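Peer 1: Shown below is the structure under consideration.
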Protein chains: 2
Amino acid sequence: MTPIAKPFVPVEVPDLVDVIEAELTRAIVEGRLGPGSRVIEAETARQMGVSRAPVREAARRMERQGLLVAKPRHGFFVRDITVKEIDDLYAVRLSLEDCAVAGACERIDAAGIARLQAQIDAMCDQAPSLTPPQRIQLDLQFHMMLCEFSGNARLLRLFATIETEVRMIIALLDNHYQDPLYVAKAHQPILDALAARDEGLARAETREHITSAWHHVRDRFASQHPPSRYQETPPS
Amino acid sequence: MTPIAKPFVPVEVPDLVDVIEAELTRAIVEGRLGPGSRVIEAETARQMGVSRAPVREAARRMERQGLLVAKPRHGFFVRDITVKEIDDLYAVRLSLEDCAVAGACERIDAAGIARLQAQIDAMCDQAPSLTPPQRIQLDLQFHMMLCEFSGNARLLRLFATIETEVRMIIALLDNHYQDPLYVAKAHQPILDALAARDEGLARAETREHITSAWHHVRDRFASQHPPSRYQETPPS
DNA sequence: CCCCCGTCAACTGTCGACAGTCGGCCGACG
DNA sequence: CGTCGGCCGACTGTCGACAGTTGACGGGGG
């Protein structure tokens with residue numbers, strides 16, 4: 001009897017900090033915590049039934065992801081988006097994903113191609129029945145996988161710090177998103193180029209894809225912020 | 001009597017966390033904490049005469065910069081460099097700086113050009129008298145300024161997270177660095193292209209510059225790690 | 001009427017304490 | 001002789017408490 005080499009996978013211990021971070025993040029991307037509003041450590045801890053320490057740490061993590069900003073001795077605030085920040089973010093995203101597809105084009109194998117294809121197919125199949133957050137999730141997951149298949153762990157880490165913020169922006173600006181089927185299919189040219197190992201084409205398609213998303217988000221922002229509007233901190 | 005408009009500048013409050021972070025970072029880049037060694041919160045706090053909370057937070061910051069790695073429930077460890085991580089890091093750095101010069105080429109003004117030139121001049125002038133950490137500092141500062149002049153705040157933030165790690169790598173692998181004067185002058189072509197607003201050239205020069213540094217660091221690593229050598233955790 | 005300076009409440013920064021977990025060690029059992 | 005189970009020290013995760021700082025409010029003085 002040959003026992004399976006590794007019948008078990010490492011068990012996931014849901015860290016308290018992780019839970020808090022997820023909860024806080026949800027509150028933001030779902031709009032319960034609007035841009036600019038203050039996040040009070042003690043109050044948050046009380047509501048969640050934990051102490052301030054893990055809340056503090058979760059907030060710090062979200063600061064690194066750009067969801068929160070910390071003013072020393074004044075606490076954390078939900079980031080307030082400006083059009084410049086959208087531009088900055090997408091410019092960086094463009095660079096990172098360009099780096100990712102370049103790497104992926106060299107290192108991805110058949111299994112990787114298959115997983116990416118499966119991701120697109122899943123998006124297409126489930127397109128009609130997905131909630132907006134789910135669509136966003138699947139979409140960004142594809143891009144995250146690109147970074148993963150680039151084999152560059154650091155690139156993946158950096159992209160991950162951006163990804164959450166992109167998600168927030170999309171969630172806030174583009175609640176109904178675009179036609180999910182269209183979005184899903186928009187990824188196909190990238191994957192095709194990747195499968196053909198055509199680095200130049202893959203990079204061009206990626207740039208095109210991101211740039212298009214960039215413009216789309218930009219337009220949505222412009223339409224939702226007609227002149228200029230101030231966000232203030234609501235009371236606790 | 002016309003009082004000076006703004007006779008005072010905002011006072012810098014040296015946050016305890018900042019101090020601890022700086023101290024820990026110095027310990028690493030100066031080699032007092034070798035790669036792989038464990039950083040014990042309580043012990044560190046005791047030695048520095050503070051409590052664990054700020055030490056913990058400083059360590060988290062350094063984790064985000066890649067100087068430390070955190071194993072849940074096992075604490076922090078000084079990052080152990082591998083050649084793959086050097087490659088990953090420099091690949092990302094290449095992308096980010098490419099993005100930076102592209103942006104800088106569009107947005108930099110005469111004052112910016114002047115500041116960059118001053119930075120190069122300073123490096124040249126002080127070249128003979130600089131300690132290795134100072135040389136590294138000035139060198140990386142130039143690149144940080146490129147990001148700054150790109151006008152992309154997020155890019156600057158992302159690059160900052162990488163910068164410290166690059167510094168560590170250089171400090172660990174290349175204690176005597178290259179000829180400081182040569183290094184200083186190597187930046188001139190980038191600046192010249194920037195001043196001429198030749199984006200293509202500026203990007204090419206930058207890629208060339210970073211790639212060259214990449215290869216140099218890679219060689220040094222290979223020469224210092226002949227076959228393969230394990231780093232273990234020394235006692236406290 | 002406006003400005004300036006205490007006063008005050010609300011939070012953050014920091015601390016010490018306790019419980020839970022991990023790896024190492026040792027003795028016992030097969 | 002190899003393996004299992006319990007014990008132990010060391011540290012991290014988490015908590016509640018205290019001190020210092022900040023912005024707001026309100027009462028005198030100009």
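Each chain in the structure tokens gets a letter, A, B and so on, in the order shown; residues start at 1 in every chain, and ligands are counted from 1 in the order they appear.
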Per residue of chain C within 10 Å of chain A, record the nearest atom pair and its distance in Å to one decimal, counting only C-alpha atoms (C1' of nucleotides), with rows in chain order and ascending residue number, as CSV.
Peer 2:
```
residue,atom,partner,partner_atom,distance
C:DC11,C1',A:His74,CA,7.3
C:DT12,C1',A:Arg73,CA,5.2
C:DG13,C1',A:Arg73,CA,7.6
```
Peer 1: Please build the interface table for chain D against chain A with a cut-off of 8 Å, listing for each qualifying residue the nearest atom pair and the distance in Å to one decimal; count only C-alpha atoms (C1' of nucleotides), order rows by chain and increasing number, and write it as a Markdown table.
Peer 2:
```
| residue | atom | partner | partner_atom | distance |
| --- | --- | --- | --- | --- |
| D:DT14 | C1' | A:Ala53 | CA | 7.1 |
| D:DC15 | C1' | A:Ser51 | CA | 6.0 |
| D:DT21 | C1' | A:Arg73 | CA | 7.4 |
| D:DT22 | C1' | A:His74 | CA | 7.8 |
```
Peer 1: Run DSSP on the backbone and grab whatever in range 43-127 of chain A lands in helix (DSSP H, G or I); send it over as a PyMOL selection string.
Peer 2: chain A and resi 43-48+52-65+83-107+110-127
Peer 1: Skip range 27-31 of chain B itself and residues of its chain fewer than 2 positions away, then list as a PDB file with C-alpha atoms, in the first residue's frame all residues within 9 Å of it, counting only C-alpha atoms (C1' of nucleotides).
Peer 2:
```pdb
ATOM      1  CA  ALA B  22      15.739  53.071  12.458  1.00  0.00           C
ATOM      2  CA  GLU B  23      17.716  51.302  15.138  1.00  0.00           C
ATOM      3  CA  LEU B  24      16.600  47.865  14.034  1.00  0.00           C
ATOM      4  CA  THR B  25      17.296  48.722  10.421  1.00  0.00           C
ATOM      5  CA  LEU B  33      21.788  41.069  12.882  1.00  0.00           C
ATOM      6  CA  GLY B  34      22.727  38.570  10.248  1.00  0.00           C
ATOM      7  CA  PRO B  35      20.276  37.169   7.703  1.00  0.00           C
ATOM      8  CA  LEU B  67      13.792  43.508   5.813  1.00  0.00           C
ATOM      9  CA  VAL B  78      15.885  38.890   9.372  1.00  0.00           C
ATOM     10  CA  PRO B 133      26.364  53.495   3.943  1.00  0.00           C
ATOM     11  CA  ARG B 167      19.891  49.102   0.466  1.00  0.00           C
ATOM     12  CA  MET B 168      20.158  46.041   2.636  1.00  0.00           C
ATOM     13  CA  ILE B 169      21.194  43.902  -0.289  1.00  0.00           C
ATOM     14  CA  ILE B 170      23.816  46.351  -1.397  1.00  0.00           C
ATOM     15  CA  ALA B 171      25.064  46.811   2.131  1.00  0.00           C
ATOM     16  CA  LEU B 172      25.313  43.103   2.766  1.00  0.00           C
TER      17      LEU B 172
END
```
Peer 1: Quick one: which residues from chain A are at most 10 Å off chain B, using only C-alpha atoms, as an NGL selection string?
Peer 2: :A and (13 or 15 or 53 or 56-57 or 60-61 or 64 or 66 or 72 or 84-100 or 103 or 150-159 or 161-162)
Peer 1: Mind pulling up the distance from C1' of DC5 in chain C to C1' of DG30 in chain D?
Peer 2: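 According to the coordinates, C1' of DG30 in chain D and C1' of DC5 in chain C are separated by 13.2 Å.
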Peer 1: Please compute the CA of Val11 in chain A-CA of Met145 in chain A distance, one decimal, in Å.
Peer 2: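 We find that CA of Val11 in chain A and CA of Met145 in chain A lie 22.5 Å from each other.
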Peer 1: As a list in words, please: all residues of range 32-227 of chain B that backbone DSSP puts in strand (DSSP E or B).
Peer 2: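 Checking each residue of range 32-227 of chain B, the strand (DSSP E or B) ones are Arg38, Val39, Leu68, Val69, Ala70, Lys71, Gly75, Phe76, Phe77 and Val78 of chain B.
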Peer 1: For the selection you just gave me, I'd like the residues written to a file as a CSV table (one decimal), in the first residue's frame, keeping C-alpha atoms.
Peer 2:
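Okay, part_7.csv is ready:
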```
chain,number,residue,atom,x,y,z
B,38,ARG,CA,15.5,35.8,15.0
B,39,VAL,CA,14.2,39.1,16.4
B,68,LEU,CA,12.0,41.1,8.1
B,69,VAL,CA,9.8,38.2,7.6
B,70,ALA,CA,7.1,37.2,10.0
B,71,LYS,CA,6.2,33.7,10.8
B,75,GLY,CA,8.1,36.0,15.5
B,76,PHE,CA,10.2,38.0,13.1
B,77,PHE,CA,13.4,36.9,11.3
B,78,VAL,CA,15.9,38.9,9.4
```
Peer 1: Could you give me, as a PDB file with N, CA and C atoms (P, O5', C5', C4', C3', O3' and C1' of nucleotides), in the first residue's frame, the residues within 9 Å of range 23-29 of chain D, counting only C-alpha atoms (C1' of nucleotides) and dropping anything in the same chain fewer than 4 positions from it?
Peer 2:
```pdb
ATOM      1  P    DC C   4      -5.408  86.572  19.018  1.00  0.00           P
ATOM      2  O5'  DC C   4      -5.297  86.099  20.529  1.00  0.00           O
ATOM      3  C5'  DC C   4      -5.344  87.070  21.564  1.00  0.00           C
ATOM      4  C4'  DC C   4      -5.500  86.383  22.903  1.00  0.00           C
ATOM      5  C3'  DC C   4      -4.719  85.073  23.017  1.00  0.00           C
ATOM      6  O3'  DC C   4      -3.967  85.102  24.212  1.00  0.00           O
ATOM      7  C1'  DC C   4      -6.989  84.732  23.612  1.00  0.00           C
ATOM      8  P    DG C   6      -3.414  80.568  30.159  1.00  0.00           P
ATOM      9  O5'  DG C   6      -4.315  79.951  31.297  1.00  0.00           O
ATOM     10  C5'  DG C   6      -4.937  78.750  31.088  1.00  0.00           C
ATOM     11  C4'  DG C   6      -6.310  78.737  31.708  1.00  0.00           C
ATOM     12  C3'  DG C   6      -6.669  77.359  32.233  1.00  0.00           C
ATOM     13  O3'  DG C   6      -7.510  77.448  33.365  1.00  0.00           O
ATOM     14  C1'  DG C   6      -7.977  77.884  30.308  1.00  0.00           C
ATOM     15  P    DT C   7      -7.690  76.131  34.256  1.00  0.00           P
ATOM     16  O5'  DT C   7      -8.870  75.365  33.518  1.00  0.00           O
ATOM     17  C5'  DT C   7     -10.073  76.059  33.180  1.00  0.00           C
ATOM     18  C4'  DT C   7     -11.057  75.087  32.523  1.00  0.00           C
ATOM     19  C3'  DT C   7     -10.897  73.634  32.984  1.00  0.00           C
ATOM     20  O3'  DT C   7     -12.183  73.109  33.282  1.00  0.00           O
ATOM     21  C1'  DT C   7     -10.768  73.756  30.632  1.00  0.00           C
ATOM     22  P    DC C   8     -12.294  71.628  33.895  1.00  0.00           P
ATOM     23  O5'  DC C   8     -12.751  70.768  32.620  1.00  0.00           O
ATOM     24  C5'  DC C   8     -13.440  71.412  31.556  1.00  0.00           C
ATOM     25  C4'  DC C   8     -13.858  70.389  30.509  1.00  0.00           C
ATOM     26  C3'  DC C   8     -13.667  68.927  30.922  1.00  0.00           C
ATOM     27  O3'  DC C   8     -14.753  68.162  30.437  1.00  0.00           O
ATOM     28  C1'  DC C   8     -12.379  69.372  28.998  1.00  0.00           C
TER      29       DC C   8
END
```
Peer 1: Which residues are close to range 26-29 of chain C, i.e. within 10 Å by only C-alpha atoms (C1' of nucleotides), leaving aside same-chain residues fewer than 5 positions away? Reply as JSON, numbers by chain.
Peer 2: {"D": [3, 4, 5, 6, 7]}
Peer 1: Rank nothing, just name the residue among B:Trp214, B:Gly112, B:Pro7, B:Glu43 nearest to DC11 in chain D, using only C-alpha atoms (C1' of nucleotides).
Peer 2: B:Glu43
Peer 1: What's the 9 Å shell around range 222-226 of chain A, counting only C-alpha atoms (C1' of nucleotides), without same-chain residues fewer than 3 positions away, as a PyMOL selection string?
Peer 2: chain A and resi 83+173+217-219+229
Peer 1: Export N, CA and C atoms of the chosen residues as a compact mmCIF listing (two decimals), in the first residue's frame?
Peer 2:
```
# COMPACT_ATOMS: atom_id res chain seq x y z
N VAL A 83 -9.09 62.12 -8.37
CA VAL A 83 -8.82 61.62 -9.72
C VAL A 83 -7.32 61.43 -9.92
N LEU A 173 -16.81 53.27 -7.31
CA LEU A 173 -17.16 54.10 -8.46
C LEU A 173 -18.08 53.39 -9.43
N VAL A 217 -12.79 53.79 -15.41
CA VAL A 217 -12.91 54.22 -14.03
C VAL A 217 -12.86 55.74 -13.95
N ARG A 218 -12.00 56.31 -14.74
CA ARG A 218 -11.84 57.77 -14.76
C ARG A 218 -13.17 58.44 -15.15
N ASP A 219 -13.79 57.90 -16.15
CA ASP A 219 -15.07 58.47 -16.59
C ASP A 219 -16.11 58.37 -15.50
N ARG A 229 -16.58 68.12 -4.47
CA ARG A 229 -17.43 67.94 -3.31
C ARG A 229 -16.56 67.52 -2.15
```
